[in-house]
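Asker: As input, take input_11.pdb (PDB, C-alpha atoms, pLDDT in the B column):
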```
ATOM      1  CA  LYS A 226     -47.432  15.224 -24.103  1.00 43.00           C
ATOM      2  CA  LYS A 227     -50.705  14.923 -22.309  1.00 44.00           C
ATOM      3  CA  TYR A 228     -53.400  12.859 -23.800  1.00 42.00           C
ATOM      4  CA  LEU A 229     -56.874  11.964 -22.708  1.00 38.00           C
ATOM      5  CA  ILE A 230     -57.764   8.562 -23.944  1.00 42.00           C
ATOM      6  CA  ARG A 231     -61.185   7.102 -23.461  1.00 45.00           C
ATOM      7  CA  PHE A 232     -61.447   3.387 -23.136  1.00 45.00           C
ATOM      8  CA  ILE A 233     -64.829   1.799 -23.436  1.00 43.00           C
ATOM      9  CA  LEU A 234     -64.981  -1.412 -21.500  1.00 44.00           C
ATOM     10  CA  TYR A 235     -67.902  -3.642 -22.317  1.00 46.00           C
ATOM     11  CA  TRP A 236     -68.469  -5.101 -18.928  1.00 49.00           C
ATOM     12  CA  LYS A 237     -71.936  -4.897 -17.541  1.00 52.00           C
ATOM     13  CA  SER A 238     -72.610  -1.854 -19.755  1.00 56.00           C
ATOM     14  CA  SER A 239     -70.045   0.352 -17.875  1.00 70.00           C
ATOM     15  CA  GLN A 240     -67.196   2.620 -19.095  1.00 79.00           C
ATOM     16  CA  THR A 241     -64.155   4.402 -17.531  1.00 81.00           C
ATOM     17  CA  ASN A 242     -61.703   7.195 -18.385  1.00 84.00           C
ATOM     18  CA  LEU A 243     -57.894   6.576 -18.402  1.00 84.00           C
ATOM     19  CA  THR A 244     -55.359   9.450 -18.529  1.00 80.00           C
ATOM     20  CA  VAL A 245     -51.884   8.681 -19.947  1.00 81.00           C
ATOM     21  CA  ARG A 246     -48.996  11.165 -19.630  1.00 82.00           C
ATOM     22  CA  LEU A 247     -46.018  10.882 -21.990  1.00 86.00           C
ATOM     23  CA  TYR A 248     -42.749  12.634 -21.009  1.00 89.00           C
ATOM     24  CA  ASN A 249     -39.753  13.521 -23.133  1.00 90.00           C
ATOM     25  CA  PRO A 250     -36.581  11.789 -21.859  1.00 92.00           C
ATOM     26  CA  VAL A 251     -33.714  13.927 -20.571  1.00 94.00           C
ATOM     27  CA  SER A 252     -30.511  14.061 -22.632  1.00 94.00           C
ATOM     28  CA  PHE A 253     -27.363  16.157 -23.010  1.00 95.00           C
ATOM     29  CA  SER A 254     -26.750  18.133 -26.171  1.00 93.00           C
ATOM     30  CA  THR A 255     -23.466  16.223 -26.634  1.00 94.00           C
ATOM     31  CA  ASN A 256     -21.747  13.230 -25.083  1.00 94.00           C
ATOM     32  CA  SER A 257     -18.646  15.176 -23.981  1.00 94.00           C
ATOM     33  CA  TYR A 258     -17.760  18.797 -23.172  1.00 96.00           C
ATOM     34  CA  VAL A 259     -14.326  20.423 -23.385  1.00 95.00           C
ATOM     35  CA  PHE A 260     -13.718  23.588 -21.359  1.00 95.00           C
ATOM     36  CA  SER A 261     -10.684  25.675 -20.409  1.00 92.00           C
ATOM     37  CA  SER A 262      -9.853  28.338 -17.851  1.00 90.00           C
ATOM     38  CA  ASN A 263      -6.826  30.499 -17.079  1.00 90.00           C
ATOM     39  CA  TYR A 264      -4.656  30.031 -14.006  1.00 89.00           C
ATOM     40  CA  PRO A 265      -5.052  31.151 -11.259  1.00 84.00           C
ATOM     41  CA  ILE A 266      -8.695  30.486 -10.514  1.00 83.00           C
ATOM     42  CA  ASP A 267      -9.285  32.751  -7.526  1.00 77.00           C
ATOM     43  CA  ASN A 268     -12.984  33.507  -7.856  1.00 82.00           C
ATOM     44  CA  THR A 269     -15.989  31.204  -7.653  1.00 84.00           C
ATOM     45  CA  SER A 270     -17.941  33.523  -9.959  1.00 85.00           C
ATOM     46  CA  ILE A 271     -15.673  32.660 -12.884  1.00 86.00           C
ATOM     47  CA  VAL A 272     -17.661  30.469 -15.271  1.00 91.00           C
ATOM     48  CA  ILE A 273     -15.522  27.599 -16.543  1.00 92.00           C
ATOM     49  CA  GLY A 274     -18.269  26.187 -18.764  1.00 94.00           C
ATOM     50  CA  SER A 275     -21.906  25.161 -18.925  1.00 94.00           C
ATOM     51  CA  VAL A 276     -23.775  22.089 -20.119  1.00 95.00           C
ATOM     52  CA  GLN A 277     -27.093  21.981 -21.935  1.00 93.00           C
ATOM     53  CA  VAL A 278     -29.763  19.342 -21.587  1.00 94.00           C
ATOM     54  CA  THR A 279     -33.100  18.687 -23.196  1.00 93.00           C
ATOM     55  CA  PHE A 280     -35.855  17.776 -20.756  1.00 93.00           C
ATOM     56  CA  ASP A 281     -39.578  17.829 -20.354  1.00 91.00           C
ATOM     57  CA  ASN A 282     -41.099  21.130 -19.222  1.00 90.00           C
ATOM     58  CA  LEU A 283     -43.396  19.308 -16.843  1.00 89.00           C
ATOM     59  CA  CYS A 284     -40.385  17.878 -14.990  1.00 92.00           C
ATOM     60  CA  SER A 285     -37.476  19.223 -12.954  1.00 92.00           C
ATOM     61  CA  VAL A 286     -33.789  18.414 -13.374  1.00 94.00           C
ATOM     62  CA  GLN A 287     -30.914  18.156 -10.912  1.00 93.00           C
ATOM     63  CA  TYR A 288     -27.185  18.085 -11.777  1.00 95.00           C
ATOM     64  CA  ALA A 289     -24.405  16.267  -9.936  1.00 93.00           C
ATOM     65  CA  LEU A 290     -20.655  15.757 -10.385  1.00 92.00           C
ATOM     66  CA  ALA A 291     -19.313  12.224 -10.219  1.00 86.00           C
ATOM     67  CA  ASP A 292     -16.333  10.827  -8.287  1.00 78.00           C
ATOM     68  CA  GLN A 293     -14.064  13.320  -6.473  1.00 80.00           C
ATOM     69  CA  SER A 294     -14.636  16.171  -8.913  1.00 82.00           C
ATOM     70  CA  SER A 295     -17.106  17.810  -6.521  1.00 82.00           C
ATOM     71  CA  THR A 296     -14.112  18.598  -4.281  1.00 85.00           C
ATOM     72  CA  PHE A 297     -12.775  21.022  -6.912  1.00 89.00           C
ATOM     73  CA  PHE A 298     -15.791  22.031  -8.996  1.00 92.00           C
ATOM     74  CA  THR A 299     -19.422  22.989  -8.515  1.00 92.00           C
ATOM     75  CA  ILE A 300     -22.371  22.866 -10.902  1.00 93.00           C
ATOM     76  CA  SER A 301     -25.508  24.934 -10.536  1.00 93.00           C
ATOM     77  CA  GLN A 302     -29.065  23.979 -11.408  1.00 91.00           C
ATOM     78  CA  LEU A 303     -28.543  25.812 -14.683  1.00 92.00           C
ATOM     79  CA  GLY A 304     -25.620  23.570 -15.597  1.00 93.00           C
ATOM     80  CA  ILE A 305     -22.897  26.184 -14.956  1.00 94.00           C
ATOM     81  CA  ILE A 306     -19.528  24.733 -13.819  1.00 94.00           C
ATOM     82  CA  ALA A 307     -17.240  26.802 -11.557  1.00 93.00           C
ATOM     83  CA  TRP A 308     -14.257  26.305  -9.232  1.00 91.00           C
ATOM     84  CA  SER A 309     -15.411  25.381  -5.734  1.00 88.00           C
ATOM     85  CA  ASP A 310     -12.731  26.847  -3.429  1.00 85.00           C
ATOM     86  CA  PRO A 311     -10.410  29.730  -4.433  1.00 81.00           C
ATOM     87  CA  SER A 312      -8.150  29.019  -1.429  1.00 83.00           C
ATOM     88  CA  ASN A 313      -7.489  25.547  -2.865  1.00 84.00           C
ATOM     89  CA  PRO A 314      -5.694  26.110  -6.195  1.00 84.00           C
ATOM     90  CA  PRO A 315      -5.700  23.518  -9.001  1.00 86.00           C
ATOM     91  CA  ARG A 316      -3.201  20.696  -8.567  1.00 86.00           C
ATOM     92  CA  GLN A 317      -3.091  19.518 -12.157  1.00 88.00           C
ATOM     93  CA  ALA A 318      -3.427  20.969 -15.614  1.00 90.00           C
ATOM     94  CA  VAL A 319      -6.237  18.705 -16.875  1.00 92.00           C
ATOM     95  CA  TYR A 320      -9.317  17.352 -15.097  1.00 92.00           C
ATOM     96  CA  ARG A 321     -11.588  14.615 -16.433  1.00 93.00           C
ATOM     97  CA  PHE A 322     -14.859  13.609 -14.804  1.00 94.00           C
ATOM     98  CA  GLN A 323     -18.549  12.986 -15.486  1.00 94.00           C
ATOM     99  CA  VAL A 324     -21.623  15.094 -14.883  1.00 95.00           C
ATOM    100  CA  THR A 325     -25.027  13.470 -14.386  1.00 94.00           C
ATOM    101  CA  VAL A 326     -28.495  14.910 -14.609  1.00 95.00           C
ATOM    102  CA  GLN A 327     -31.680  13.459 -13.149  1.00 94.00           C
ATOM    103  CA  GLN A 328     -35.128  14.314 -14.451  1.00 94.00           C
ATOM    104  CA  ASN A 329     -37.907  14.105 -11.897  1.00 94.00           C
ATOM    105  CA  CYS A 330     -41.367  13.725 -13.345  1.00 90.00           C
ATOM    106  CA  SER A 331     -43.650  13.207 -10.401  1.00 82.00           C
ATOM    107  CA  SER A 332     -42.731   9.670  -9.362  1.00 81.00           C
ATOM    108  CA  LEU A 333     -40.824   8.903 -12.571  1.00 88.00           C
ATOM    109  CA  PHE A 334     -37.005   9.425 -12.614  1.00 91.00           C
ATOM    110  CA  MET A 335     -34.717   9.406 -15.660  1.00 93.00           C
ATOM    111  CA  ASN A 336     -30.929   9.884 -15.730  1.00 94.00           C
ATOM    112  CA  ALA A 337     -28.308  10.898 -18.285  1.00 95.00           C
ATOM    113  CA  SER A 338     -24.554  11.545 -18.135  1.00 94.00           C
ATOM    114  CA  ALA A 339     -21.799  13.261 -20.122  1.00 95.00           C
ATOM    115  CA  ASP A 340     -17.983  13.511 -19.978  1.00 95.00           C
ATOM    116  CA  ILE A 341     -16.281  16.729 -18.930  1.00 94.00           C
ATOM    117  CA  ILE A 342     -12.665  17.713 -19.777  1.00 95.00           C
ATOM    118  CA  ILE A 343     -11.302  20.936 -18.238  1.00 93.00           C
ATOM    119  CA  THR A 344      -7.864  22.319 -19.136  1.00 93.00           C
ATOM    120  CA  ILE A 345      -6.162  24.885 -16.881  1.00 91.00           C
ATOM    121  CA  ASN A 346      -4.220  27.293 -19.099  1.00 91.00           C
ATOM    122  CA  ASN A 347      -0.916  28.828 -17.912  1.00 89.00           C
ATOM    123  CA  PHE A 348      -0.640  26.180 -15.211  1.00 86.00           C
ATOM    124  CA  PRO A 349       2.767  26.609 -13.448  1.00 86.00           C
ATOM    125  CA  SER A 350       5.198  23.921 -14.552  1.00 78.00           C
ATOM    126  CA  SER A 351       6.916  23.926 -11.140  1.00 68.00           C
ATOM    127  CA  THR A 352       3.929  22.128  -9.645  1.00 58.00           C
ATOM    128  CA  LEU A 353       3.977  19.417 -12.310  1.00 53.00           C
ATOM    129  CA  PRO A 354       6.038  16.271 -11.619  1.00 52.00           C
ATOM    130  CA  THR A 355       9.005  16.104 -13.998  1.00 51.00           C
ATOM    131  CA  ALA A 356      10.333  12.991 -15.691  1.00 50.00           C
ATOM    132  CA  SER A 357      13.715  13.282 -13.926  1.00 49.00           C
ATOM    133  CA  SER A 358      12.130  13.418 -10.489  1.00 50.00           C
ATOM    134  CA  SER A 359       9.983  10.407 -11.303  1.00 52.00           C
ATOM    135  CA  ARG A 360      13.082   8.523 -12.473  1.00 56.00           C
ATOM    136  CA  ILE A 361      14.876   9.469  -9.257  1.00 59.00           C
ATOM    137  CA  ASP A 362      11.946   8.268  -7.225  1.00 66.00           C
ATOM    138  CA  ASP A 363      11.890   4.988  -9.159  1.00 74.00           C
ATOM    139  CA  SER A 364      15.631   4.441  -8.703  1.00 80.00           C
ATOM    140  CA  THR A 365      15.319   5.114  -4.972  1.00 86.00           C
ATOM    141  CA  ILE A 366      12.529   2.576  -4.684  1.00 89.00           C
ATOM    142  CA  TYR A 367      14.544   0.015  -6.631  1.00 87.00           C
ATOM    143  CA  ALA A 368      17.595   0.616  -4.407  1.00 89.00           C
ATOM    144  CA  ILE A 369      15.523   0.122  -1.260  1.00 92.00           C
ATOM    145  CA  ILE A 370      14.017  -3.081  -2.642  1.00 92.00           C
ATOM    146  CA  ALA A 371      17.495  -4.380  -3.595  1.00 91.00           C
ATOM    147  CA  GLY A 372      18.883  -3.556  -0.135  1.00 93.00           C
ATOM    148  CA  VAL A 373      16.026  -5.313   1.632  1.00 93.00           C
ATOM    149  CA  GLY A 374      16.400  -8.336  -0.640  1.00 93.00           C
ATOM    150  CA  ALA A 375      20.160  -8.557   0.046  1.00 94.00           C
ATOM    151  CA  PHE A 376      19.576  -8.305   3.798  1.00 94.00           C
ATOM    152  CA  ILE A 377      17.008 -11.127   3.661  1.00 95.00           C
ATOM    153  CA  LEU A 378      19.427 -13.313   1.683  1.00 94.00           C
ATOM    154  CA  ILE A 379      22.205 -12.682   4.241  1.00 95.00           C
ATOM    155  CA  VAL A 380      19.906 -13.612   7.120  1.00 95.00           C
ATOM    156  CA  ILE A 381      18.820 -16.790   5.329  1.00 95.00           C
ATOM    157  CA  ALA A 382      22.475 -17.731   4.677  1.00 93.00           C
ATOM    158  CA  ILE A 383      23.401 -17.202   8.347  1.00 94.00           C
ATOM    159  CA  LEU A 384      20.464 -19.310   9.511  1.00 93.00           C
ATOM    160  CA  PHE A 385      21.432 -22.062   7.052  1.00 91.00           C
ATOM    161  CA  VAL A 386      25.015 -22.125   8.361  1.00 90.00           C
ATOM    162  CA  ILE A 387      23.827 -22.265  11.986  1.00 89.00           C
ATOM    163  CA  ILE A 388      21.385 -25.092  11.271  1.00 90.00           C
ATOM    164  CA  TYR A 389      23.972 -27.032   9.247  1.00 87.00           C
ATOM    165  CA  TYR A 390      26.576 -26.664  12.020  1.00 84.00           C
ATOM    166  CA  ARG A 391      24.151 -27.866  14.670  1.00 85.00           C
ATOM    167  CA  ILE A 392      23.300 -30.921  12.587  1.00 86.00           C
ATOM    168  CA  GLN A 393      26.958 -31.749  12.024  1.00 82.00           C
ATOM    169  CA  ARG A 394      27.755 -31.047  15.665  1.00 78.00           C
ATOM    170  CA  ALA A 395      25.028 -33.434  16.749  1.00 82.00           C
ATOM    171  CA  LYS A 396      26.710 -36.108  14.631  1.00 79.00           C
ATOM    172  CA  HIS A 397      30.114 -35.252  16.191  1.00 75.00           C
ATOM    173  CA  ARG A 398      31.571 -34.442  12.787  1.00 72.00           C
ATOM    174  CA  VAL A 399      32.861 -30.974  13.575  1.00 68.00           C
ATOM    175  CA  PRO A 400      34.621 -29.605  16.648  1.00 74.00           C
ATOM    176  CA  PRO A 401      32.904 -27.015  18.824  1.00 69.00           C
ATOM    177  CA  PHE A 402      33.545 -23.325  18.183  1.00 64.00           C
ATOM    178  CA  PHE A 403      34.757 -22.694  21.730  1.00 59.00           C
ATOM    179  CA  LYS A 404      36.817 -25.359  23.516  1.00 59.00           C
ATOM    180  CA  ILE A 405      37.207 -25.009  27.263  1.00 57.00           C
ATOM    181  CA  ARG A 406      40.559 -26.203  28.599  1.00 59.00           C
ATOM    182  CA  LYS A 407      40.334 -28.420  31.575  1.00 57.00           C
ATOM    183  CA  HIS A 408      43.137 -27.813  34.036  1.00 55.00           C
ATOM    184  CA  SER A 409      44.406 -30.611  36.215  1.00 55.00           C
ATOM    185  CA  PRO A 410      43.663 -30.092  39.864  1.00 54.00           C
ATOM    186  CA  ALA A 411      47.220 -31.214  40.763  1.00 52.00           C
ATOM    187  CA  GLN A 412      49.828 -28.613  39.851  1.00 56.00           C
ATOM    188  CA  GLY A 413      53.231 -27.605  41.185  1.00 57.00           C
ATOM    189  CA  LEU A 414      55.515 -29.733  43.355  1.00 58.00           C
ATOM    190  CA  SER A 415      54.650 -32.927  45.155  1.00 59.00           C
ATOM    191  CA  PHE A 416      56.504 -35.607  47.099  1.00 55.00           C
ATOM    192  CA  PHE A 417      55.536 -39.195  46.603  1.00 56.00           C
ATOM    193  CA  LYS A 418      57.066 -42.478  47.536  1.00 59.00           C
ATOM    194  CA  SER A 419      58.852 -43.979  44.600  1.00 60.00           C
ATOM    195  CA  LYS A 420      58.442 -47.651  43.752  1.00 61.00           C
ATOM    196  CA  SER A 421      62.011 -47.725  42.565  1.00 62.00           C
ATOM    197  CA  PRO A 422      64.042 -45.462  44.875  1.00 59.00           C
ATOM    198  CA  LEU A 423      67.447 -44.325  43.816  1.00 59.00           C
ATOM    199  CA  SER A 424      68.920 -45.489  47.036  1.00 60.00           C
ATOM    200  CA  ASP A 425      67.897 -47.257  50.179  1.00 60.00           C
ATOM    201  CA  SER A 426      68.391 -44.123  52.209  1.00 61.00           C
ATOM    202  CA  SER A 427      66.000 -41.978  50.054  1.00 61.00           C
ATOM    203  CA  PRO A 428      62.666 -43.696  49.315  1.00 61.00           C
ATOM    204  CA  TYR A 429      60.920 -40.393  48.320  1.00 61.00           C
ATOM    205  CA  THR A 430      61.067 -38.621  44.978  1.00 62.00           C
ATOM    206  CA  LEU A 431      60.296 -34.986  44.059  1.00 62.00           C
ATOM    207  CA  GLY A 432      57.620 -34.810  41.323  1.00 63.00           C
ATOM    208  CA  VAL A 433      57.168 -31.741  39.046  1.00 61.00           C
ATOM    209  CA  ARG A 434      53.861 -31.131  37.191  1.00 58.00           C
ATOM    210  CA  ASP A 435      53.148 -28.217  34.870  1.00 56.00           C
ATOM    211  CA  ASP A 436      49.859 -26.768  33.694  1.00 51.00           C
ATOM    212  CA  ASP A 437      49.830 -28.401  30.275  1.00 50.00           C
ATOM    213  CA  SER A 438      50.691 -31.957  31.218  1.00 48.00           C
ATOM    214  CA  SER A 439      48.310 -34.525  32.520  1.00 47.00           C
ATOM    215  CA  ASN A 440      51.018 -36.859  33.798  1.00 48.00           C
ATOM    216  CA  SER A 441      53.539 -35.963  36.419  1.00 44.00           C
ATOM    217  CA  SER A 442      57.216 -36.380  35.671  1.00 45.00           C
ATOM    218  CA  SER A 443      59.633 -37.223  38.380  1.00 45.00           C
ATOM    219  CA  ASP A 444      62.992 -35.695  38.903  1.00 47.00           C
ATOM    220  CA  GLN A 445      64.821 -38.533  40.343  1.00 48.00           C
ATOM    221  CA  THR A 446      66.517 -36.398  42.910  1.00 48.00           C
ATOM    222  CA  SER A 447      67.361 -37.982  46.142  1.00 49.00           C
ATOM    223  CA  SER A 448      66.267 -36.390  49.313  1.00 47.00           C
ATOM    224  CA  SER A 449      66.392 -37.336  52.864  1.00 50.00           C
ATOM    225  CA  PRO A 450      63.286 -38.549  54.630  1.00 45.00           C
TER     226      PRO A 450
END
```
Go ahead and render the structure in this file as structure tokens.
Answerer:
Amino acid sequence: KKYLIRFILYWKSSQTNLTVRLYNPVSFSTNSYVFSSNYPIDNTSIVIGSVQVTFDNLCSVQYALADQSSTFFTISQLGIIAWSDPSNPPRQAVYRFQVTVQQNCSSLFMNASADIIITINNFPSSTLPTASSSRIDDSTIYAIIAGVGAFILIVIAILFVIIYYRIQRAKHRVPPFFKIRKHSPAQGLSFFKSKSPLSDSSPYTLGVRDDDSSNSSSDQTSSSP
């Protein structure tokens, strides 16, 4: 592990000493670990499992948990895995994550990793999502998507009808939706001088005009001037 090698350099009759240190690489005893623990986990002193590594005695090692597993688990410098917070119970029956170890040899660093699988025994089934609830959730999502799609289609159809009507209305091909009736300003009774009087003694005629007619009709009734 530590060797003293003497190199003789033939350069102007001089020589020098060179020290070379060789370190053993760090490695786990296996590529994956499978542990189990009983529910509930209400004590951080409960050992769920431990990992073993091979490393150089001249170096130090440091463990770390990958991803979000550090929220639920802790690992000591001896490789012991425990639950991190008893007030936060497990939310699933199986956890999968990775543990890494770093070997520090002076200024030389080496890393290794292994897979961890932890099973929580006697995990309450009430906290697990059931297949029926997942199917209900899926059907609800599908119903919402179908309703939104139908509403969008209705809106598009209404807009198409409005645009089509406006185009046809601009071409004077369809009548307007609302037609305003124009009333004649002259309504009721009126006297006017007839061009063809009934008699010489009555040159005026009584005209009657209703609301729906645009032309006045004359009752050829004689009247005195």
Asker: Work out how far apart CA of Gln302 (chain A) and CA of Val251 (chain A) are and give it in Å to one decimal.
Answerer: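 It comes out at 14.4 Å.
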Asker: Counting all atoms listed in the file, figure out which residue out of A:Thr325, A:Ser254, A:Thr269, A:Thr365 gets nearest to Phe298 (chain A).
Answerer: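 The shortest atom-to-atom distance to Phe298 (chain A) comes from A:Thr269.
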Asker: Using the chain letters and residue numbers of this document, give as a PyMOL selection string the residues selected by the PyMOL selection byres ((chain A and resi 328) around 7).
Answerer: chain A and resi 251+284-287+326-327+329-330+334-336
Asker: I need the chosen residues saved as a short mmCIF file (atom, residue, chain, number, x, y, z; two decimals), in the frame of the given file, with C-alpha atoms.
Answerer:
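File written: part-v8.cif
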```
data_model
loop_
_atom_site.label_atom_id
_atom_site.label_comp_id
_atom_site.auth_asym_id
_atom_site.auth_seq_id
_atom_site.Cartn_x
_atom_site.Cartn_y
_atom_site.Cartn_z
CA VAL A 251 -33.71 13.93 -20.57
CA CYS A 284 -40.38 17.88 -14.99
CA SER A 285 -37.48 19.22 -12.95
CA VAL A 286 -33.79 18.41 -13.37
CA GLN A 287 -30.91 18.16 -10.91
CA VAL A 326 -28.50 14.91 -14.61
CA GLN A 327 -31.68 13.46 -13.15
CA ASN A 329 -37.91 14.10 -11.90
CA CYS A 330 -41.37 13.72 -13.34
CA PHE A 334 -37.01 9.43 -12.61
CA MET A 335 -34.72 9.41 -15.66
CA ASN A 336 -30.93 9.88 -15.73
#
```
Asker: Identify the residues within 8 Å of coordinate (-18.4, 22.1, -12.3) (same frame as the file), considering all atoms listed in the file, and give the answer as a list in words.
Answerer: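 Here is the list of nearby residues: Ile273, Gly274, Leu290, Ser294, Ser295, Phe297, Phe298, Thr299, Ile300, Ser301, Ile305, Ile306, Ala307, Trp308 and Ser309 of chain A.
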Asker: How would you write, as a PyMOL selection string, the residues chosen by the PyMOL selection byres ((chain A and resi 346) around 12) on this structure?
Answerer: chain A and resi 260-266+273+315+317-320+343-345+347-350
Asker: Mind giving me the straight-line distance from CA of Leu243 (chain A) to CA of Ser331 (chain A) in Å, one decimal?
Answerer: 17.6 Å
Asker: For each of A:Ile379, A:Arg321, A:Ile341, A:Pro311, take the minimum atom-to-atom distance to Val276 (chain A), counting all atoms listed in the file, then give the residue where this is smallest.
Answerer: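 Checking each candidate against Val276 (chain A), we get A:Ile341 as the closest.
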